[in-house]
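Beneath this line is the structure, given in C-alpha cells, with notes to follow.
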Amino acid sequence: MNRKWSAVIILSVAVMLQGCGHIAEGKDSMTENKLSVQKHCFGRYEVELPDYMYMYSGNYNFDNFYLDMVTAIRSGNPTLEKDWEKYIKDTIAPDMRKDSIGYGSKIVHQDMKSNPRVIVEYVNTTNGNSSLARLYMFSSFYLKHFPERNEWLLLNGGSIELPRPLPDDQLRQQVQRKLDAQMDDINKIIYKPYPHFAPGFCLDNEYHYYPGRLEKNESYSIYWHSKREGSKTFLSVEVKTYLKGEEADMESRVSKGKLLQLFFPSTTVEVGGMKGELYTSRDKSNPSAREFQWIPSHVETGNHMKPLIKIAGRFDTRDLPPELRDKVSGEELAMWVLESIKMRKGADEDIQMYGH
C-alpha cells in the first residue's frame, strides 16, 4: 500500500564502534557509500530506511479508536462488506454462548449504510464476581469507506465503559455520545500522500489522521522488516505520551530500559529531537549482524514533544547490495537510521496551538 519514495543518498557516519558495539574514543572514520533508501512517515515522525525494508505492522491507539494499519486497508473485494459483517459477528459469537462468562452479550446497534459502517456489541459483565460487574461495557467495530480510492479501513472503537446503574434513557444517551465521538474521529482519517506538512499523524505514507485537538491517548508502535528472504533484519519504534499523574507507569518503563546500562556501554544519539542512549551488541550467531536499543534520556509526562520513544532493531549487512557489504558495518547502518528519525515538519502544529 505504501507509496515508495526512493532516492540515492550519501551514507556518512563519523564514528567507529568497537567490539561489543560501543563508540571508540579518538579518531573517527568517514565512509561515503551510495545506498538506495525510502522515506517512511509514521505518527508525527519520519525515517529513512534501506529500500529493502517495509512496514510489517503499524499499530495506532488513539482516544477513540485503534487499528493496525497494515491489516486494516482492504480493496478490490465486492463482498467485503458482507465478509466484514460476518467476521465481526463470528468474533463476538463466543460471548453469547450459554457457557460463556459473557452470556447475555448481544448486538445492540448495527448500521450498514453509514460511513463508517458500524456494529456495536453490549458485553454482559454481570456473570460471576468480576470487578467489571460494576460497569456497562460496549465494544464497537467500524468499516470506513474511501470511495475515491475504492478502499476500506477496518477499525475498532475504544471500549465504552459506564458505571452501573443508569436509567435506560441516560445510558442510551451516553453510549450514543461516545459512538458519535468515535465516528467523528474516524471520519477525520483522510487520504493524504506523504510528503506533506499537515499537523497530526501519518498512519502510513498514504493515510493521515488529525483530530483537530491534542490526543490524550497518543500511542503507536511500528515494525519494519527486511524483504530479503530469510533475513531477520528489523526496526521497531514505540511512541507513547504519558499524562500528568502517570509518572509511576512511565518511570517503570524507562527504568527497565536503563538496566542495559549495567551490562552494555552506550553512546548518546539524538532521535526525533530528543537525546538518548544507544546500546549495541553483536549477534552471537551471525557476525555480520548487530542488535541495538535506544532509550531517551529525558521524558516528561503531559509533554507531547517529549514522549517515551523506545527503539529496538537488528541490522544485517548481508541485506545490503554486494558492493556495500564490506564497506558499511551494522553499527554504522543503525546509527544512520536512528539519526534520520525526525519529527515531521508541521506535525507539531497542534502541540504548539493547544499546548504541550
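FYI, nothing fancy with the C-alpha cells labels: chains A, B, ... in order, residues from 1 per chain, ligands from 1 as they appear.
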
Next on the checklist: I need the alpha helix (DSSP H) residues of stretch 52-255 of chain A per DSSP on the backbone, written as a PyMOL selection string.
Outcome noted: chain A and resi 69-72+80-92+168-186+247-255

Selection above as a file: N, CA and C atoms, as a short mmCIF file (atom, residue, chain, number, x, y, z; two decimals), in the first residue's frame:
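Below is the file that was written, result_16.cif:
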data_model
loop_
_atom_site.label_atom_id
_atom_site.label_comp_id
_atom_site.auth_asym_id
_atom_site.auth_seq_id
_atom_site.Cartn_x
_atom_site.Cartn_y
_atom_site.Cartn_z
N MET A 69 -2.51 -0.59 10.86
CA MET A 69 -2.64 -0.03 9.52
C MET A 69 -2.33 -1.05 8.43
N VAL A 70 -1.46 -2.01 8.72
CA VAL A 70 -1.06 -2.97 7.70
C VAL A 70 -2.22 -3.90 7.35
N THR A 71 -2.94 -4.35 8.37
CA THR A 71 -4.05 -5.28 8.11
C THR A 71 -5.38 -4.56 7.93
N ALA A 72 -5.42 -3.24 8.19
CA ALA A 72 -6.70 -2.51 8.17
C ALA A 72 -7.16 -2.17 6.77
N LEU A 80 -16.76 -7.43 0.37
CA LEU A 80 -16.05 -7.05 1.59
C LEU A 80 -17.01 -6.67 2.73
N GLU A 81 -18.06 -5.92 2.43
CA GLU A 81 -18.97 -5.50 3.50
C GLU A 81 -19.63 -6.71 4.17
N LYS A 82 -20.09 -7.65 3.36
CA LYS A 82 -20.71 -8.84 3.94
C LYS A 82 -19.69 -9.68 4.68
N ASP A 83 -18.48 -9.77 4.12
CA ASP A 83 -17.43 -10.55 4.79
C ASP A 83 -17.08 -9.92 6.14
N TRP A 84 -17.00 -8.57 6.18
CA TRP A 84 -16.69 -7.89 7.43
C TRP A 84 -17.79 -8.12 8.46
N GLU A 85 -19.03 -7.99 8.04
CA GLU A 85 -20.17 -8.20 8.95
C GLU A 85 -20.12 -9.61 9.53
N LYS A 86 -19.87 -10.59 8.69
CA LYS A 86 -19.79 -11.98 9.17
C LYS A 86 -18.61 -12.17 10.12
N TYR A 87 -17.49 -11.56 9.79
CA TYR A 87 -16.30 -11.70 10.63
C TYR A 87 -16.55 -11.12 12.02
N ILE A 88 -17.16 -9.94 12.09
CA ILE A 88 -17.43 -9.33 13.39
C ILE A 88 -18.41 -10.18 14.19
N LYS A 89 -19.44 -10.67 13.55
CA LYS A 89 -20.42 -11.48 14.26
C LYS A 89 -19.81 -12.80 14.73
N ASP A 90 -18.93 -13.37 13.92
CA ASP A 90 -18.24 -14.59 14.35
C ASP A 90 -17.30 -14.30 15.52
N THR A 91 -16.71 -13.10 15.51
CA THR A 91 -15.77 -12.72 16.58
C THR A 91 -16.47 -12.60 17.92
N ILE A 92 -17.66 -12.03 17.92
CA ILE A 92 -18.35 -11.80 19.19
C ILE A 92 -19.28 -12.95 19.57
N ASP A 168 -32.34 3.78 31.62
CA ASP A 168 -32.16 3.36 30.24
C ASP A 168 -31.93 4.54 29.29
N ASP A 169 -32.71 5.59 29.45
CA ASP A 169 -32.56 6.71 28.53
C ASP A 169 -31.22 7.40 28.70
N GLN A 170 -30.75 7.49 29.94
CA GLN A 170 -29.46 8.11 30.20
C GLN A 170 -28.32 7.24 29.66
N LEU A 171 -28.46 5.93 29.80
CA LEU A 171 -27.46 5.00 29.26
C LEU A 171 -27.38 5.13 27.75
N ARG A 172 -28.53 5.17 27.08
CA ARG A 172 -28.54 5.30 25.62
C ARG A 172 -27.88 6.61 25.18
N GLN A 173 -28.18 7.69 25.88
CA GLN A 173 -27.60 8.99 25.51
C GLN A 173 -26.09 8.99 25.65
N GLN A 174 -25.59 8.43 26.74
CA GLN A 174 -24.15 8.44 26.96
C GLN A 174 -23.42 7.53 25.97
N VAL A 175 -24.01 6.38 25.68
CA VAL A 175 -23.40 5.49 24.68
C VAL A 175 -23.40 6.17 23.32
N GLN A 176 -24.51 6.78 22.95
CA GLN A 176 -24.60 7.45 21.65
C GLN A 176 -23.58 8.58 21.54
N ARG A 177 -23.39 9.31 22.63
CA ARG A 177 -22.43 10.41 22.63
C ARG A 177 -21.01 9.89 22.37
N LYS A 178 -20.67 8.76 22.97
CA LYS A 178 -19.34 8.19 22.77
C LYS A 178 -19.20 7.59 21.37
N LEU A 179 -20.26 6.98 20.85
CA LEU A 179 -20.21 6.47 19.48
C LEU A 179 -20.06 7.61 18.48
N ASP A 180 -20.76 8.72 18.71
CA ASP A 180 -20.64 9.88 17.82
C ASP A 180 -19.21 10.40 17.81
N ALA A 181 -18.59 10.45 19.01
CA ALA A 181 -17.20 10.93 19.10
C ALA A 181 -16.26 9.99 18.35
N GLN A 182 -16.50 8.69 18.44
CA GLN A 182 -15.67 7.73 17.71
C GLN A 182 -15.81 7.92 16.20
N MET A 183 -17.05 8.04 15.75
CA MET A 183 -17.28 8.18 14.31
C MET A 183 -16.73 9.51 13.78
N ASP A 184 -16.85 10.56 14.58
CA ASP A 184 -16.31 11.86 14.17
C ASP A 184 -14.80 11.76 13.95
N ASP A 185 -14.09 11.11 14.89
CA ASP A 185 -12.64 10.98 14.76
C ASP A 185 -12.26 10.09 13.58
N ILE A 186 -12.97 8.99 13.42
CA ILE A 186 -12.67 8.08 12.31
C ILE A 186 -12.85 8.78 10.97
N GLU A 247 3.25 9.33 36.14
CA GLU A 247 4.71 9.29 36.30
C GLU A 247 5.21 7.90 36.68
N ALA A 248 4.49 7.21 37.55
CA ALA A 248 4.94 5.89 38.01
C ALA A 248 4.98 4.90 36.86
N ASP A 249 3.93 4.90 36.02
CA ASP A 249 3.91 3.99 34.87
C ASP A 249 5.05 4.31 33.91
N MET A 250 5.27 5.59 33.68
CA MET A 250 6.33 6.00 32.76
C MET A 250 7.70 5.59 33.30
N GLU A 251 7.95 5.87 34.57
CA GLU A 251 9.25 5.55 35.16
C GLU A 251 9.50 4.05 35.16
N SER A 252 8.43 3.26 35.32
CA SER A 252 8.58 1.81 35.29
C SER A 252 9.10 1.35 33.94
N ARG A 253 8.58 1.90 32.87
CA ARG A 253 9.02 1.50 31.54
C ARG A 253 10.42 2.02 31.24
N VAL A 254 10.71 3.24 31.66
CA VAL A 254 12.03 3.82 31.40
C VAL A 254 13.10 3.07 32.18
N SER A 255 12.83 2.74 33.44
CA SER A 255 13.84 2.08 34.28
C SER A 255 14.20 0.71 33.76
#

Item to check | Residue neighbourhood stretch 102-106 of chain A, 9 Å, only C-alpha atoms, exclusion window fewer than 5 positions, as a count of residues only | outcome: 14

How close does each residue of stretch 144-165 of chain A get to stretch 191-212 of chain A, giving the shortest atom pair and distance in Å to one decimal for every residue with an atom at most 10 Å away, counting only C-alpha atoms, sorted by chain and residue number, as a tab-separated table?
residue	atom	partner	partner_atom	distance
A:Phe146	CA	A:Tyr191	CA	8.0
A:Glu148	CA	A:Tyr191	CA	9.1
A:Arg149	CA	A:Tyr191	CA	8.4

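The interatomic distance for the pair atom CA of A:Val328 and atom CA of A:Leu260 works out to 25.5 Å.
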
Next on the checklist: From the options A:Asp68, A:Glu229, A:Glu300, A:Glu270, which residue's atoms come nearest to A:Gly245, counting only C-alpha atoms?
Outcome noted: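 Of A:Asp68, A:Glu229, A:Glu300, A:Glu270, the one nearest A:Gly245 is A:Glu300, counting only C-alpha atoms.
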
Test item: residues at most 10 Å from A:Asn77, only C-alpha atoms, excluding those fewer than 5 positions along its chain, as a short mmCIF file (atom, residue, chain, number, x, y, z; two decimals) with N, CA and C atoms, in the first residue's frame:
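out.cif, freshly written:
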data_model
loop_
_atom_site.label_atom_id
_atom_site.label_comp_id
_atom_site.auth_asym_id
_atom_site.auth_seq_id
_atom_site.Cartn_x
_atom_site.Cartn_y
_atom_site.Cartn_z
N ASP A 83 -18.48 -9.77 4.12
CA ASP A 83 -17.43 -10.55 4.79
C ASP A 83 -17.08 -9.92 6.14
N ASN A 150 -11.61 3.53 -3.63
CA ASN A 150 -12.23 2.22 -3.59
C ASN A 150 -11.51 1.33 -2.58
N GLU A 151 -11.22 1.92 -1.43
CA GLU A 151 -10.55 1.20 -0.35
C GLU A 151 -11.37 1.31 0.94
N TRP A 152 -11.14 0.34 1.81
CA TRP A 152 -11.85 0.28 3.08
C TRP A 152 -10.84 0.18 4.21
#
